[in-house]
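Here's the structure, in structure tokens; my notes come after.
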Amino acid sequence: MTHLRLGVNIDHVATVRNARGGDNPDPVRAAKLAQAAGADGITAHLREDRRHISDADIAALSTALSIPLNLEMAATDEMAEIALRHRPHAACIVPEKREERTTEGGIDVVGLHQRLAPIVGALGKANIRVSMFIEPAREQLDASRKLGAPVVELHTGAYANATGAARAAELARIREAAAYGASIGLEVHAGHGLTFDNVGPIAAIPRIAELNIGHFLIGEAIFVGLEASIREMRRLMDEGRGEVGASA
Ligand code: PXP
């Protein structure tokens, strides 16, 4: 089975910093620590309202990291221009509403084809690996493929929020979408709402190549420190994947 990559989302280090203004805690320091703790990449969402990550953070992360930066961004001309200026390794296109607390659902690639096509095309031409953050549904996978995006990230929020039989159904939906996505040539990632308790079954899905995890890891870091938080997530991912001891 392929190694499952871990992208650590550092948005909420910036949330804590912004609660007081100033420079602390520094998201770049967190990113470097995440790298040392075994993160394969760093993810940061530059929201249109700049509620956590700032333009200066993206500039600093673009030069400070030796692991790939994945820029989460809305499909706007402003964000495309920023991505083309900094040329991160990857860009994940997310839906964005100012009134939402977090990215509550996947982007409607089917309905937004016309809006998305020029942005995905321009990013791809600049060698930025584009992913579409979508619900685990066949029509969204087909539309992402049609758009020419090489990667999709499956929204795991509904799985994370469900319990019992509903969670099992959401897991089956993600498993089916991952297999279908891979069968039509897409690289499949997943993320949102993943925790120590729910990551195992997602890590076990063989077609998923990368998980992007943020809020829980930063919250857990309050109690055990960021490095321990990330190392434990890495261990649980490897265990779920059937690679126990592989990263010891
Ligand atoms: N992937 C995407 C595309 C996201 O928008 C987010 C949230 O910013 C995440 C992953 C990480 O979600 P969480 O912070 O719940 O782990």
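For the structure tokens, the naming scheme is as follows: chains receive sequential letters (A, B, ...) according to their order of presentation, residues are indexed from 1 within each chain, and ligands are indexed from 1 in presentation order.
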Residues within 12 Å of Glu139 of chain A, only C-alpha atoms, excluding chain neighbours under 5 positions, as a list in words: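 So, after excluding close chain neighbours, the residues are Ile107, Asp108, Val109, Val110, Gly111, Ile134, Ser144, Arg145, Lys146, Ala177, Tyr180 and Gly181 of chain A.
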For those residues, write N, CA and C atoms to a file as a compact mmCIF listing (two decimals), in the first residue's frame.
```
# COMPACT_ATOMS: atom_id res chain seq x y z
N ILE A 107 -16.91 22.07 -3.03
CA ILE A 107 -17.26 23.02 -4.09
C ILE A 107 -18.09 22.30 -5.15
N ASP A 108 -19.05 23.00 -5.74
CA ASP A 108 -19.90 22.41 -6.78
C ASP A 108 -19.21 22.54 -8.14
N VAL A 109 -18.36 21.56 -8.43
CA VAL A 109 -17.58 21.62 -9.68
C VAL A 109 -18.50 21.48 -10.89
N VAL A 110 -19.61 20.75 -10.71
CA VAL A 110 -20.56 20.57 -11.82
C VAL A 110 -21.15 21.92 -12.21
N GLY A 111 -21.68 22.64 -11.22
CA GLY A 111 -22.38 23.90 -11.51
C GLY A 111 -21.46 25.05 -11.82
N ILE A 134 -14.12 18.53 -2.78
CA ILE A 134 -15.48 18.14 -3.20
C ILE A 134 -16.14 17.17 -2.23
N SER A 144 -14.56 17.17 -11.97
CA SER A 144 -13.18 17.58 -11.66
C SER A 144 -12.23 17.07 -12.74
N ARG A 145 -12.48 15.84 -13.15
CA ARG A 145 -11.66 15.22 -14.21
C ARG A 145 -11.82 16.01 -15.51
N LYS A 146 -13.07 16.38 -15.82
CA LYS A 146 -13.37 17.12 -17.05
C LYS A 146 -12.68 18.49 -17.03
N ALA A 177 -16.03 6.72 -3.45
CA ALA A 177 -15.57 7.88 -4.22
C ALA A 177 -14.06 7.81 -4.46
N TYR A 180 -13.48 5.21 -7.16
CA TYR A 180 -13.91 5.70 -8.47
C TYR A 180 -12.97 6.80 -8.97
N GLY A 181 -12.59 7.72 -8.08
CA GLY A 181 -11.67 8.80 -8.48
C GLY A 181 -10.37 8.24 -9.03
```
Contacts to ligand 1 at 10 Å cut-off (only C-alpha atoms and all ligand atoms) as a PyMOL selection string: chain A and resi 7-12+43-47+70-74+91-96+101-107+131-134+152-157+160+189-195+211-219
Residues flagged helix (DSSP H, G or I) by DSSP in segment 31-156 of chain A, as an MDAnalysis selection string: chainID A and resid 31:36 55:64 77:86 113:125 138:147
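Proximity of A:Pro206, A:Gly164, A:Gly148, A:Gly240 to Val120 of chain A, computed with only C-alpha atoms, is greatest for A:Gly148.
With distances restricted to only C-alpha atoms, A:Leu84 is the closest residue to Ala126 of chain A from A:Ala204, A:Leu171, A:Leu84, A:Leu65.
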Backbone DSSP call of strand (DSSP E) for segment 2-234 of chain A, listed as a PyMOL selection string: chain A and resi 5-9+41-45+69-73+90-93+129-134+151-155+187-191+208-213
Long-range neighbours of Thr15 of chain A as a list in words, 9 Å cut-off, only C-alpha atoms, 6 positions minimum in chain: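 Using only C-alpha atoms, the neighbours found are Arg51, His52 and Ile53 of chain A.
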How would the residues just chosen look if you wrote them out with C-alpha atoms as a PDB file, in the first residue's frame?
```
ATOM      1  CA  ARG A  51      -9.428  35.878   9.401  1.00  0.00           C
ATOM      2  CA  HIS A  52      -6.401  33.709  10.092  1.00  0.00           C
ATOM      3  CA  ILE A  53      -3.627  33.288   7.499  1.00  0.00           C
TER       4      ILE A  53
END
```
9 Å contact set for Ala59 of chain A, only C-alpha atoms, chain neighbours under 5 positions out, as JSON, numbers by chain: {"A": [54, 64, 86]}
Print the selection's residues with N, CA, C and O atoms to a file, as a CSV table (one decimal), in the first residue's frame.
```csv
chain,number,residue,atom,x,y,z
A,54,SER,N,-2.5,35.3,6.7
A,54,SER,CA,-2.4,36.6,6.1
A,54,SER,C,-1.6,36.5,4.8
A,54,SER,O,-0.9,35.5,4.6
A,64,ALA,N,10.1,29.8,3.3
A,64,ALA,CA,10.7,29.1,4.5
A,64,ALA,C,10.7,27.6,4.5
A,64,ALA,O,11.5,27.0,5.2
A,86,HIS,N,3.1,33.4,-5.9
A,86,HIS,CA,3.9,32.6,-5.0
A,86,HIS,C,4.2,31.2,-5.5
A,86,HIS,O,5.1,30.6,-5.0
```
Residue contacts of segment 31-41 of chain A (10 Å, only C-alpha atoms) excluding same-chain residues fewer than 5 positions away, as a PyMOL selection string: chain A and resi 4-10+13+26+61+64-70+89-90+210-212+226-234+247
Proximity to Pro118 of chain A - best of A:Ala178, A:Ala162, A:Val151, A:Ala75, only C-alpha atoms: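 For Pro118 of chain A, the nearest of the given residues is A:Ala75.
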Minimum-distance residue to Ile128 of chain A, chosen among A:Gln140, A:Ala83, A:Arg29, A:Ile174 (using only C-alpha atoms):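 Once distances to Ile128 of chain A are computed over only C-alpha atoms, the minimum belongs to A:Ala83.
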Atomic separation - atom CA of Met79 of chain A relative to atom CA of Pro27 of chain A, Å: 19.7 Å
